[in-house]
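Visitor: Handing you a structure now.
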Amino acid sequence: MKTIRITLATVLLVVLHIMIPTSGITQVLDFTEYSGTVVDGETNDPLVSVSIKLSKTNLGSISNDEGAFTIKVPNDRGIDAMVFSLLGYETKRIPLSQLTSEKNRIQLIPVVTELSQINISTFKSAKALVRAVFDKKKENNMKQAAVMTAFYRETIKKRNRNVSLTEAVVNVYKQPYTSAQKDNIGLHKARKSTDYRRLDTVALKLQGGPYSTLYLDIMKYPEYIFTPIMIDEYDFSFGAPSTVNDKPVYVVNFKQKEEIDVPRYYGSLFIDSESLALSSAIYSLNLTDMKGQANKMFVKKKPRDIDVTPLRASYRVDYREKDGKWYYGYGNVDLSFKVKKRGKLFNSVYTLSSEMAVTDWEVNTTKARLRNRERLKPTVIMSDEVSGFKDPDFWGPYNLIEPEKSIESAINKIQRKLRRNDR
């Protein structure tokens, strides 16, 4: 079987199969699990990537592409409510006493923000506002080192069918936003499955692992998109204001200038109107007439008789705020490629997705750090290294992103097969 190794643009770091101790974050065994769906209160459409936080803690999760969520609530932390928030919607706080263990249906109401609520005339231009966001990074973003627990999922689909699924709980050793030191990741627990029968004669492998989503942290790693020089390569404009957590945000749209002949990005930045902190960014890589250059950015290794053409490269990063300081909360990468073998009439389209959500964190007061052998390192592909699927209680008390129905079906098939093999 021939192998194509895909990287996530400049993100090349990947995962080693090393089981390390958990961080200092306490994982309790006594918890209550809640699940349900978050929908638009007017259309009843499912809402994607809704932030779900537990009161009085740093615990949280997000909804999946179908609006579904599952979250485990420790019984000994004094938690009395869940808070649901999403860009452009009213934040909703629901007491736990009003929730059932399953089939909760949470409706969020869209918010229309009047232009008068945000004074955009304060800034000479949208570009000036973006520069102000980075100028205020030391003031707005987390100044202390932190140890984060995060859930990571990576999927590869051929057309609409899952062919590879990797999930992991990782420990992220986050450096202060004022520090030039890069963050480190350690693998705590992982599982994977790959159905090579669906890959035919070509196997796509994703090189990057959890770092592919962590490096979307624009405020920590502006070098991947907005260096002081690269900012001048974009045109910026104001979009219609929106809200995050019931607070108004500026919306700045950006795209690369026409004279720039290398692939750059286009999308939107969502900026808290009071603090000027970046609260979210949704953007894509410009592939128009640049597929040859973009190909070199993504394709690390491939057979000579295989042509790979990138069709889509989309990204998202969300930040969360606590006590006036903002930190990385969620990252998502969605890539699509056309793969064609020379001399063959037909081609195949593959989609590679990865996402990581911070589910708990604490300040790294002891300055704990990973030893070199415990750090996730480059060149190793995560799906090659981790073990297969185990029992349904594999994750124990850890919070995760609820799988889509197609992924959940694949997991169930694998588990049934394992049970038959054990007999």
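We label chains A, B, ... in the order they appear in the structure tokens, count residues from 1 in each chain, and number ligands from 1 in the order shown.
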Find the residues of segment 276-331 of chain A that sit at most 10 Å from segment 243-248 of chain A; for each, write down the nearest two atoms and how far apart they are in Å, to one decimal. Count only C-alpha atoms. Sort by chain, then by number going up, and give it as JSON lines.
Guide:
```
{"residue": "A:Ser279", "atom": "CA", "partner": "A:Val244", "partner_atom": "CA", "distance": 7.7}
{"residue": "A:Ser280", "atom": "CA", "partner": "A:Val244", "partner_atom": "CA", "distance": 9.1}
{"residue": "A:Arg320", "atom": "CA", "partner": "A:Asn245", "partner_atom": "CA", "distance": 9.7}
{"residue": "A:Glu321", "atom": "CA", "partner": "A:Asn245", "partner_atom": "CA", "distance": 9.7}
```
Visitor: Residues as selected, N, CA and C atoms, written as an mmCIF file, in the first residue's frame, can you do that?
Guide:
```cif
data_model
loop_
_atom_site.group_PDB
_atom_site.id
_atom_site.type_symbol
_atom_site.label_atom_id
_atom_site.label_comp_id
_atom_site.auth_asym_id
_atom_site.auth_seq_id
_atom_site.Cartn_x
_atom_site.Cartn_y
_atom_site.Cartn_z
ATOM 1 N N SER A 279 -11.199 36.871 20.692
ATOM 2 C CA SER A 279 -12.038 35.832 21.289
ATOM 3 C C SER A 279 -12.233 34.649 20.353
ATOM 4 N N SER A 280 -12.066 34.854 19.034
ATOM 5 C CA SER A 280 -12.220 33.754 18.093
ATOM 6 C C SER A 280 -11.663 34.169 16.742
ATOM 7 N N ARG A 320 -11.080 31.400 25.624
ATOM 8 C CA ARG A 320 -11.962 31.543 26.781
ATOM 9 C C ARG A 320 -11.358 32.566 27.732
ATOM 10 N N GLU A 321 -12.231 33.131 28.561
ATOM 11 C CA GLU A 321 -11.788 34.199 29.463
ATOM 12 C C GLU A 321 -12.100 33.850 30.902
#
```
Visitor: Need the shell around segment 145-156 of chain A: protein/DNA/RNA residues with any atom at most 7 Å away, counting only C-alpha atoms. Skip same-chain ones fewer than 6 positions apart. Format as JSON, numbers by chain?
Guide: {"A": [23, 162, 163, 164, 165, 166, 167, 168, 169, 170, 171, 172, 173, 174, 175, 176, 210, 350, 351, 352, 353, 354, 355, 356, 357, 358, 359, 360, 361, 362, 363, 364, 400]}
Visitor: Quick one: write out the picked residues with N, CA and C atoms as a CSV table (one decimal), in the first residue's frame?
Guide:
```
chain,number,residue,atom,x,y,z
A,23,SER,N,-1.3,15.2,34.6
A,23,SER,CA,-0.8,16.5,35.2
A,23,SER,C,-1.4,16.5,36.6
A,162,ASN,N,-15.7,7.2,7.1
A,162,ASN,CA,-14.5,7.2,8.0
A,162,ASN,C,-13.6,6.0,7.7
A,163,VAL,N,-12.3,6.3,7.5
A,163,VAL,CA,-11.3,5.3,7.3
A,163,VAL,C,-10.3,5.2,8.4
A,164,SER,N,-10.2,6.3,9.2
A,164,SER,CA,-9.2,6.4,10.3
A,164,SER,C,-9.7,7.3,11.3
A,165,LEU,N,-9.6,6.9,12.6
A,165,LEU,CA,-10.0,7.7,13.7
A,165,LEU,C,-9.0,7.5,14.8
A,166,THR,N,-8.5,8.6,15.4
A,166,THR,CA,-7.6,8.6,16.5
A,166,THR,C,-8.1,9.6,17.5
A,167,GLU,N,-8.1,9.2,18.8
A,167,GLU,CA,-8.6,10.0,19.9
A,167,GLU,C,-7.5,10.0,21.0
A,168,ALA,N,-7.4,11.1,21.7
A,168,ALA,CA,-6.4,11.1,22.8
A,168,ALA,C,-6.8,12.1,23.9
A,169,VAL,N,-6.4,11.8,25.1
A,169,VAL,CA,-6.3,12.8,26.2
A,169,VAL,C,-4.9,13.2,26.3
A,170,VAL,N,-4.6,14.5,26.2
A,170,VAL,CA,-3.2,15.0,26.2
A,170,VAL,C,-3.1,16.0,27.4
A,171,ASN,N,-1.8,16.2,27.8
A,171,ASN,CA,-1.5,17.2,28.8
A,171,ASN,C,-0.7,18.3,28.1
A,172,VAL,N,-1.3,19.5,28.1
A,172,VAL,CA,-0.6,20.6,27.4
A,172,VAL,C,0.1,21.5,28.4
A,173,TYR,N,1.4,21.6,28.3
A,173,TYR,CA,2.1,22.5,29.2
A,173,TYR,C,2.3,23.8,28.5
A,174,LYS,N,1.3,24.7,28.9
A,174,LYS,CA,1.2,26.0,28.2
A,174,LYS,C,2.1,27.1,28.8
A,175,GLN,N,2.8,27.7,28.0
A,175,GLN,CA,3.7,28.8,28.4
A,175,GLN,C,3.0,30.1,28.4
A,176,PRO,N,3.4,31.1,29.2
A,176,PRO,CA,2.7,32.4,29.2
A,176,PRO,C,2.8,33.0,27.9
A,210,PRO,N,-1.7,16.7,17.9
A,210,PRO,CA,-2.3,17.8,18.7
A,210,PRO,C,-1.7,19.1,18.4
A,350,TYR,N,-10.3,12.9,-0.2
A,350,TYR,CA,-10.1,12.6,1.2
A,350,TYR,C,-10.3,13.9,2.1
A,351,THR,N,-10.9,13.7,3.2
A,351,THR,CA,-11.0,14.8,4.2
A,351,THR,C,-10.2,14.5,5.4
A,352,LEU,N,-9.4,15.3,5.9
A,352,LEU,CA,-8.6,15.1,7.1
A,352,LEU,C,-9.0,16.2,8.1
A,353,SER,N,-9.5,15.8,9.3
A,353,SER,CA,-9.9,16.8,10.3
A,353,SER,C,-9.2,16.5,11.6
A,354,SER,N,-8.9,17.6,12.3
A,354,SER,CA,-8.4,17.4,13.7
A,354,SER,C,-9.0,18.5,14.5
A,355,GLU,N,-9.3,18.2,15.8
A,355,GLU,CA,-9.8,19.2,16.7
A,355,GLU,C,-9.3,18.9,18.1
A,356,MET,N,-9.1,19.9,18.9
A,356,MET,CA,-8.7,19.8,20.3
A,356,MET,C,-9.4,20.8,21.2
A,357,ALA,N,-10.0,20.3,22.3
A,357,ALA,CA,-10.7,21.2,23.2
A,357,ALA,C,-10.1,21.0,24.6
A,358,VAL,N,-9.8,22.1,25.2
A,358,VAL,CA,-9.3,22.1,26.6
A,358,VAL,C,-10.4,21.8,27.5
A,359,THR,N,-10.3,20.8,28.3
A,359,THR,CA,-11.4,20.4,29.2
A,359,THR,C,-11.2,20.7,30.7
A,360,ASP,N,-9.9,21.1,31.0
A,360,ASP,CA,-9.6,21.5,32.4
A,360,ASP,C,-8.2,22.1,32.4
A,361,TRP,N,-7.9,23.0,33.3
A,361,TRP,CA,-6.6,23.5,33.4
A,361,TRP,C,-6.4,24.1,34.8
A,362,GLU,N,-5.1,24.3,35.1
A,362,GLU,CA,-4.8,24.9,36.4
A,362,GLU,C,-3.4,25.6,36.2
A,363,VAL,N,-3.2,26.7,37.0
A,363,VAL,CA,-1.9,27.4,36.9
A,363,VAL,C,-0.8,26.4,37.3
A,364,ASN,N,0.3,26.5,36.6
A,364,ASN,CA,1.5,25.6,36.8
A,364,ASN,C,2.3,26.3,37.9
A,400,LEU,N,-14.8,14.6,26.9
A,400,LEU,CA,-14.4,14.4,25.5
A,400,LEU,C,-15.4,15.1,24.6
```
Visitor: Give the strand (DSSP E) residues of segment 10-109 of chain A, as DSSP finds them on the backbone, and put them as a count of residues only.
Guide: 38
Visitor: Do a neighbour search on Ser125 of chain A at 12 Å with only C-alpha atoms, toss out local chain neighbours closer than 3 positions, and write the hits as a list in words.
Guide: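 Here the qualifying residues turn out to be Ile120, Ser121, Thr122, Ala128, Leu129, Val130, Arg131, Ala132, Asp235, Phe236, Ser237, Phe238, Val252 and Asn253 of chain A.
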Visitor: Between A:Ser63, A:Ser51, A:Gln107, A:Asn141, which has the minimum distance to Gly324 of chain A (counting only C-alpha atoms)?
Guide: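 Using only C-alpha atoms, the shortest distance to Gly324 of chain A belongs to A:Asn141.
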Visitor: Taking 2 positions as the minimum chain separation for residues in the same chain, which residues sit within 10 Å of Tyr234 of chain A when counting only C-alpha atoms? Answer as a ChimeraX atom specification.
Guide: /A:127,226,229-232,236-237,253-258,260,264-266
Visitor: Suppose you want the space between atom CA of Lys325 of chain A and atom CA of Ala126 of chain A; what is it in Å?
Guide: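 Atom-to-atom, atom CA of Lys325 of chain A and atom CA of Ala126 of chain A are spaced 23.1 Å apart.
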Visitor: Just checking: using only C-alpha atoms, which residue out of A:Val39, A:Leu269, A:Leu311, A:Ile71 ends up closest to Thr288 of chain A?
Guide: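 That would be A:Leu311, the residue with the smallest distance to Thr288 of chain A.
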Visitor: Can you pull out the residues contacting Asp323 of chain A? Cut-off 12 Å, using only C-alpha atoms, and skip same-chain residues under 6 positions away; I want them as a list of chain:residue names.
Guide: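 Surrounding residues, per the criterion: A:Lys56, A:Asn58, A:Asn140, A:Asn141, A:Met142, A:Lys143.
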Visitor: Do a neighbour search on Asn104 of chain A at 10 Å with only C-alpha atoms, toss out local chain neighbours closer than 4 positions, and write the hits as a list in words.
Guide: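 Listing them by chain and then by number gives Tyr34, Ser35, Gly36, Thr37, Val38, Ala68, Phe69, Gln98, Leu99 and Thr100 of chain A.
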Visitor: Write out the residues from the selection above, keeping N, CA and C atoms, as a PDB file, in the first residue's frame.
Guide:
```
ATOM      1  N   TYR A  34     -23.919  14.163  31.903  1.00  0.00           N
ATOM      2  CA  TYR A  34     -25.057  14.794  31.252  1.00  0.00           C
ATOM      3  C   TYR A  34     -24.819  14.820  29.745  1.00  0.00           C
ATOM      4  N   SER A  35     -25.883  14.632  28.976  1.00  0.00           N
ATOM      5  CA  SER A  35     -25.760  14.698  27.525  1.00  0.00           C
ATOM      6  C   SER A  35     -26.991  15.360  26.935  1.00  0.00           C
ATOM      7  N   GLY A  36     -26.858  15.807  25.702  1.00  0.00           N
ATOM      8  CA  GLY A  36     -27.984  16.458  25.043  1.00  0.00           C
ATOM      9  C   GLY A  36     -27.571  17.082  23.733  1.00  0.00           C
ATOM     10  N   THR A  37     -28.379  18.024  23.254  1.00  0.00           N
ATOM     11  CA  THR A  37     -28.147  18.700  21.985  1.00  0.00           C
ATOM     12  C   THR A  37     -28.402  20.191  22.156  1.00  0.00           C
ATOM     13  N   VAL A  38     -27.555  21.006  21.517  1.00  0.00           N
ATOM     14  CA  VAL A  38     -27.738  22.460  21.540  1.00  0.00           C
ATOM     15  C   VAL A  38     -28.228  22.893  20.166  1.00  0.00           C
ATOM     16  N   ALA A  68     -24.460  17.849  19.391  1.00  0.00           N
ATOM     17  CA  ALA A  68     -24.533  16.950  20.550  1.00  0.00           C
ATOM     18  C   ALA A  68     -23.372  17.214  21.513  1.00  0.00           C
ATOM     19  N   PHE A  69     -23.621  16.965  22.792  1.00  0.00           N
ATOM     20  CA  PHE A  69     -22.578  17.116  23.800  1.00  0.00           C
ATOM     21  C   PHE A  69     -22.755  16.075  24.896  1.00  0.00           C
ATOM     22  N   GLN A  98     -32.080  21.564  36.820  1.00  0.00           N
ATOM     23  CA  GLN A  98     -33.056  21.609  35.734  1.00  0.00           C
ATOM     24  C   GLN A  98     -32.676  20.693  34.572  1.00  0.00           C
ATOM     25  N   LEU A  99     -31.577  19.968  34.704  1.00  0.00           N
ATOM     26  CA  LEU A  99     -31.110  19.089  33.640  1.00  0.00           C
ATOM     27  C   LEU A  99     -31.347  17.633  33.999  1.00  0.00           C
ATOM     28  N   THR A 100     -31.561  16.818  32.986  1.00  0.00           N
ATOM     29  CA  THR A 100     -31.644  15.371  33.173  1.00  0.00           C
ATOM     30  C   THR A 100     -30.337  14.757  32.682  1.00  0.00           C
TER      31      THR A 100
END
```
Visitor: Just how far from atom CA of Asp65 of chain A is atom CA of Leu96 of chain A, in Å to one decimal?
Guide: 24.0 Å
Visitor: Determine which residues of segment 162-247 of chain A DSSP labels as helix (DSSP H, G or I) from the backbone of this structure, then write them out as a list in words.
Guide: Tyr196, Arg197, Arg198, Leu199, Tyr211, Ser212, Thr213, Leu214, Pro222, Glu223, Tyr224, Met230, Ile231, Asp232 and Glu233 of chain A
Visitor: Which residue is closest to Lys137 of chain A? Choose from A:Lys220, A:Arg93, A:Arg161, A:Lys192 and count only C-alpha atoms.
Guide: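 That would be A:Lys220, the residue with the smallest distance to Lys137 of chain A.
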Visitor: With only C-alpha atoms as the atoms that count, which of A:Thr178, A:Pro46, A:Gly209, A:Asp318 lies nearest to Ala190 of chain A?
Guide: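 Distance minimum relative to Ala190 of chain A lands on A:Gly209.
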Visitor: In Å, with one decimal, what is the gap from atom CA of Ser242 of chain A to atom CA of Gly41 of chain A?
Guide: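 According to the coordinates, atom CA of Ser242 of chain A and atom CA of Gly41 of chain A are separated by 17.0 Å.
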